[in-house]
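A.B. asks: A single structure is presented below for examination.
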Amino acid sequence: MNPTLADKIAHAPKAELHIHIEGSLEPELIFELAKRNNVKLAYDSIEALRAAYAFTDLQSFLDIYYAGASVLLTEQDFYDMTMAYVERALEDHVAHTEIFFDPQTHTERGVSIATAVAGIEGALAEAETRGLSSRLILCFLRHLSEEDALATFDEALPLFDKYAHRLIGVGLDSSERGHPPSKFERVFAKARERGLKLVAHAGEEGPPSYVYEALDLLKVDRVDHGVRSIEDAQLVARLADERIALTVCPLSNLKLCVFDDMTKHTLKDLLDQGVRVMINSDDPAYFGGYVNANYFAVVDALKLSDKEVYTLLRNSLEASFVSAEERDGMIARLDAHWKQ
Ligand code: ADE
Ligand code: ZN
C-alpha cells in the first residue's frame with residue numbers, strides 16, 4: 001500500500017463497532033489472570049496457547065475463546081482486560097467504540113453480570129477522559145436456549161438503568177449455524193420495548209436467510225458481519241436502500257476461513273453496491289490485529305482507493321449509536337484529517 005494512504009488510515013479518527021471485549025484478551029494477560037486467580041489452563045505456556053490459534057471455522061475458534069475467558073473472575077480482571085483494549089484502541093486513533101460482552105460466559109462460572117459490567121465501566125469511564133468515547137452492548141449466546149437469554153435479560157435489567165449512559169443495547173453472537181435469529185425473537189422484542197439498540201451476528205457463516213431474520217424478526221439496527229448477504233441480490237439491494245450498516249471484520253473472516261484469501265473478500269462488492277460496510281477487529285487478540293491492521297489488510301488485498309477508504313471510515317462514524325451532534329463532530333474531525 002502507498003505509505004501516505006497507510007499513514008492517513010492509521011491516524012484517521014474512526015469508530016469500532018464490532019469488538020468482543022473477551023476477544024481482546026491477549027495470551028500474556030490470560031496467563032497473568034490465570035495465575036492471579038488460580039485457574040488451570042489446558043496450555044502450559046503462552047507460546048503453546050498462541051500456537052493453538054489455528055482455526056478451521058467459527059466453532060474451532062469459539063472453543064478456545066471461551067476457555068480463554070475462563071480466567072476472568074473479579075471486577076479488577078474485567079477492568080484490566082478492558083484497559084488493555086483501550087490502550088490499543090487509542091494507539092489506532094479509535095475515537096469511539098461500541099463493545100460487546102458475553103455475560104452468559106461468566107454467569108455460568110458464578111461471576112455476576114454486575115461484576116463484569118462494573119469492571120468494564122471502570123475502564124471505559126477512564127477512557128472517556130483520554131478521548132475515547134464508548135458504549136456497551138450485552139450479547140446473548142445463541143448456542144444456549146431462549147430461556148437462558150430471557151433470564152440473562154432479566155438479571156441485567158437493573159444494569160440497563162444504572163449504566164444507561166453506557167449499556168445501550170443487546171446483540172447476538174456465538175455458534176451461528178443451526179441457531180437462527182428467530183430463536184431469539186421474544187427476548188429482542190423485550191429489549192426493543194425498553195428502547196435498547198439491537199444488533200445481531202448474521203451472515204458470517206450462516207446463510208442470507210439469517211440476515212433477513214435479523215432484520216424482519218429481531219428488527220436490528222445493524223448487522224454484524226453480514227458478508228454472506230452478497231449471495232442474495234435482493235438482500236444487497238435492500239441493505240443499500242435502507243442504509244443498514246454491516247460491521248465487517250476482515251481478519252476474522254480470513255482466520256475463520258469464511259474466505260480462503262483476502263483477495264476473495266466481498267467487502268468491495270458490497271461497497272460498490274452501496275451497502276454501508278465498515279471495518280472492525282472482532283476478536284483482535286485471536287485474529288492477528290487490531291482495527292488499523294484490519295484496514296491495512298483489506299485495503300492492500302482489494303486495492304481500495306483513497307475515496308473508498310474515506311467511505312469506510314465515514315461509514316464507521318455514521319453507523320455508530322451516538323447523538324447526531326457527537327456524530328457530526330467526529331465526521332468533521334475525519335474530514336479535516338482526510339483533507340490534510
Ligand atoms: N463471539 C466472538 N467472536 C465471534 C464471532 N466472530 N462470531 C460469533 N460469535 C463470536
Ligand atoms: Zn463478532
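Naming works like this for the C-alpha cells: A, B, ... for the chains as they're shown, residue 1 at the start of each chain, ligands 1 onward in shown order.
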Which parts of stretch 108-250 of chain A does DSSP call strand (DSSP E or B) when run on the backbone here, written out as an MDAnalysis selection string?
C.D. replies: chainID A and resid 133:141 167:173 197:202 222:225 245:248
A.B. asks: Can you work out which residues are within 10 Å of ligand 1, considering only C-alpha atoms and all ligand atoms, and then hand them over as a ChimeraX atom specification?
C.D. replies: /A:18-24,57-59,61-62,65-66,100-102,139-143,172-176,200-205,224-225,248-249,252-253,255-256,281-284,286-287
A.B. asks: To one decimal place in Å, what is the distance between atom CA of A:Gly288 and atom CA of A:Ala54?
C.D. replies: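 Atom-to-atom, atom CA of A:Gly288 and atom CA of A:Ala54 are spaced 11.0 Å apart.
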A.B. asks: Of the residues A:Ala118, A:Ala332, A:Leu17, A:Val298, which is the one nearest to ligand 2, using only C-alpha atoms and all ligand atoms?
C.D. replies: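 The shortest atom-to-atom distance to ligand 2 comes from A:Leu17.
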A.B. asks: Compare A:Pro103, A:Pro3, A:Gly110, A:Pro13 by their minimum atom-to-atom distance to A:His337, counting only C-alpha atoms, and give me the closest one.
C.D. replies: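 The closest residue to A:His337 is A:Pro13.
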A.B. asks: Skip A:Gln76 itself and residues of its chain fewer than 6 positions away, then list as a PyMOL selection string all residues within 12 Å of it, counting only C-alpha atoms.
C.D. replies: chain A and resi 33+36-37+82-83+115-123
A.B. asks: Ranking A:Asp216, A:Asp221, A:Glu98, A:Glu155 by minimum distance to A:Ala15 and counting only C-alpha atoms, which one comes first?
C.D. replies: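 Closest candidate: A:Glu98.
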A.B. asks: Give me, as number ranges by chain, all polymer residues having an atom no more than 6 Å from stretch 159-166 of chain A, counting only C-alpha atoms and skipping those fewer than 3 positions away in the same chain.
C.D. replies: A: 135-136, 156
A.B. asks: Which residues are close to stretch 268-277 of chain A, i.e. within 7 Å by only C-alpha atoms, leaving aside same-chain residues fewer than 6 positions away? Reply as a ChimeraX atom specification.
C.D. replies: /A:230,239-240,243-248,302,312,315
A.B. asks: With DSSP run on the backbone, what are the alpha helix (DSSP H) residues within stretch 130-220 of chain A? I'd like them as a PyMOL selection string.
C.D. replies: chain A and resi 146-162+185-193+208-216
A.B. asks: Emit the selected residues as a JSON list (two decimals), in the first residue's frame, including N, CA and C atoms.
C.D. replies:
[["chain", "number", "residue", "atom", "x", "y", "z"],
["A", 146, "GLU", "N", -33.37, -20.11, 24.52],
["A", 146, "GLU", "CA", -34.12, -18.85, 24.62],
["A", 146, "GLU", "C", -34.38, -18.51, 26.09],
["A", 147, "GLU", "N", -34.69, -19.54, 26.90],
["A", 147, "GLU", "CA", -34.98, -19.33, 28.32],
["A", 147, "GLU", "C", -33.77, -18.71, 29.01],
["A", 148, "ASP", "N", -32.59, -19.21, 28.65],
["A", 148, "ASP", "CA", -31.35, -18.70, 29.24],
["A", 148, "ASP", "C", -31.16, -17.22, 28.86],
["A", 149, "ALA", "N", -31.45, -16.88, 27.61],
["A", 149, "ALA", "CA", -31.33, -15.48, 27.17],
["A", 149, "ALA", "C", -32.33, -14.60, 27.91],
["A", 150, "LEU", "N", -33.57, -15.10, 28.09],
["A", 150, "LEU", "CA", -34.59, -14.32, 28.80],
["A", 150, "LEU", "C", -34.19, -14.09, 30.26],
["A", 151, "ALA", "N", -33.62, -15.13, 30.88],
["A", 151, "ALA", "CA", -33.18, -15.00, 32.28],
["A", 151, "ALA", "C", -32.02, -14.01, 32.38],
["A", 152, "THR", "N", -31.13, -14.05, 31.40],
["A", 152, "THR", "CA", -29.98, -13.13, 31.38],
["A", 152, "THR", "C", -30.48, -11.70, 31.24],
["A", 153, "PHE", "N", -31.46, -11.51, 30.37],
["A", 153, "PHE", "CA", -32.02, -10.16, 30.17],
["A", 153, "PHE", "C", -32.63, -9.65, 31.47],
["A", 154, "ASP", "N", -33.38, -10.53, 32.17],
["A", 154, "ASP", "CA", -34.00, -10.11, 33.43],
["A", 154, "ASP", "C", -32.94, -9.76, 34.47],
["A", 155, "GLU", "N", -31.87, -10.56, 34.53],
["A", 155, "GLU", "CA", -30.81, -10.27, 35.51],
["A", 155, "GLU", "C", -30.14, -8.93, 35.19],
["A", 156, "ALA", "N", -30.09, -8.59, 33.91],
["A", 156, "ALA", "CA", -29.38, -7.36, 33.50],
["A", 156, "ALA", "C", -30.24, -6.10, 33.62],
["A", 157, "LEU", "N", -31.56, -6.28, 33.85],
["A", 157, "LEU", "CA", -32.47, -5.11, 33.84],
["A", 157, "LEU", "C", -32.01, -3.94, 34.72],
["A", 158, "PRO", "N", -31.62, -4.21, 35.99],
["A", 158, "PRO", "CA", -31.17, -3.06, 36.81],
["A", 158, "PRO", "C", -29.94, -2.37, 36.23],
["A", 159, "LEU", "N", -29.13, -3.12, 35.50],
["A", 159, "LEU", "CA", -27.89, -2.55, 34.95],
["A", 159, "LEU", "C", -28.18, -1.62, 33.78],
["A", 160, "PHE", "N", -29.25, -1.94, 33.02],
["A", 160, "PHE", "CA", -29.62, -1.04, 31.91],
["A", 160, "PHE", "C", -30.03, 0.34, 32.47],
["A", 161, "ASP", "N", -30.54, 0.36, 33.71],
["A", 161, "ASP", "CA", -30.86, 1.65, 34.35],
["A", 161, "ASP", "C", -29.60, 2.28, 34.93],
["A", 162, "LYS", "N", -28.87, 1.50, 35.72],
["A", 162, "LYS", "CA", -27.70, 2.05, 36.42],
["A", 162, "LYS", "C", -26.65, 2.58, 35.44],
["A", 185, "GLU", "N", -36.46, -14.18, 19.02],
["A", 185, "GLU", "CA", -37.39, -13.12, 18.68],
["A", 185, "GLU", "C", -38.00, -12.47, 19.93],
["A", 186, "ARG", "N", -38.36, -13.30, 20.90],
["A", 186, "ARG", "CA", -39.05, -12.74, 22.08],
["A", 186, "ARG", "C", -38.15, -11.89, 22.96],
["A", 187, "VAL", "N", -36.90, -12.32, 23.15],
["A", 187, "VAL", "CA", -36.02, -11.53, 24.01],
["A", 187, "VAL", "C", -35.64, -10.21, 23.33],
["A", 188, "PHE", "N", -35.53, -10.25, 22.00],
["A", 188, "PHE", "CA", -35.24, -9.00, 21.27],
["A", 188, "PHE", "C", -36.45, -8.06, 21.32],
["A", 189, "ALA", "N", -37.66, -8.63, 21.32],
["A", 189, "ALA", "CA", -38.87, -7.79, 21.41],
["A", 189, "ALA", "C", -38.89, -7.07, 22.76],
["A", 190, "LYS", "N", -38.48, -7.79, 23.82],
["A", 190, "LYS", "CA", -38.42, -7.16, 25.15],
["A", 190, "LYS", "C", -37.40, -6.03, 25.18],
["A", 191, "ALA", "N", -36.27, -6.27, 24.57],
["A", 191, "ALA", "CA", -35.21, -5.24, 24.54],
["A", 191, "ALA", "C", -35.69, -4.02, 23.74],
["A", 192, "ARG", "N", -36.40, -4.30, 22.66],
["A", 192, "ARG", "CA", -36.91, -3.21, 21.82],
["A", 192, "ARG", "C", -37.93, -2.37, 22.60],
["A", 193, "GLU", "N", -38.79, -3.05, 23.38],
["A", 193, "GLU", "CA", -39.78, -2.33, 24.21],
["A", 193, "GLU", "C", -39.11, -1.39, 25.19],
["A", 208, "PRO", "N", -27.91, -16.14, 3.88],
["A", 208, "PRO", "CA", -28.62, -14.85, 3.80],
["A", 208, "PRO", "C", -29.97, -14.86, 4.53],
["A", 209, "SER", "N", -30.62, -16.03, 4.63],
["A", 209, "SER", "CA", -31.92, -16.06, 5.32],
["A", 209, "SER", "C", -31.78, -15.61, 6.77],
["A", 210, "TYR", "N", -30.60, -15.83, 7.37],
["A", 210, "TYR", "CA", -30.38, -15.38, 8.76],
["A", 210, "TYR", "C", -30.33, -13.85, 8.82],
["A", 211, "VAL", "N", -29.84, -13.22, 7.74],
["A", 211, "VAL", "CA", -29.80, -11.75, 7.71],
["A", 211, "VAL", "C", -31.23, -11.21, 7.60],
["A", 212, "TYR", "N", -32.04, -11.86, 6.75],
["A", 212, "TYR", "CA", -33.46, -11.47, 6.66],
["A", 212, "TYR", "C", -34.13, -11.60, 8.02],
["A", 213, "GLU", "N", -33.87, -12.70, 8.71],
["A", 213, "GLU", "CA", -34.50, -12.91, 10.04],
["A", 213, "GLU", "C", -34.05, -11.83, 11.02],
["A", 214, "ALA", "N", -32.77, -11.49, 10.98],
["A", 214, "ALA", "CA", -32.26, -10.45, 11.90],
["A", 214, "ALA", "C", -32.99, -9.13, 11.64],
["A", 215, "LEU", "N", -33.22, -8.83, 10.36],
["A", 215, "LEU", "CA", -33.90, -7.57, 10.00],
["A", 215, "LEU", "C", -35.39, -7.62, 10.31],
["A", 216, "ASP", "N", -36.03, -8.72, 9.89],
["A", 216, "ASP", "CA", -37.50, -8.76, 9.93],
["A", 216, "ASP", "C", -38.07, -9.24, 11.26]]
A.B. asks: Please measure the separation of atom CA of A:Tyr53 and atom CA of A:Phe78, giving the value in Å to one decimal.
C.D. replies: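 Taking atom CA of A:Tyr53 as the start and atom CA of A:Phe78 as the end point, the length is 22.4 Å.
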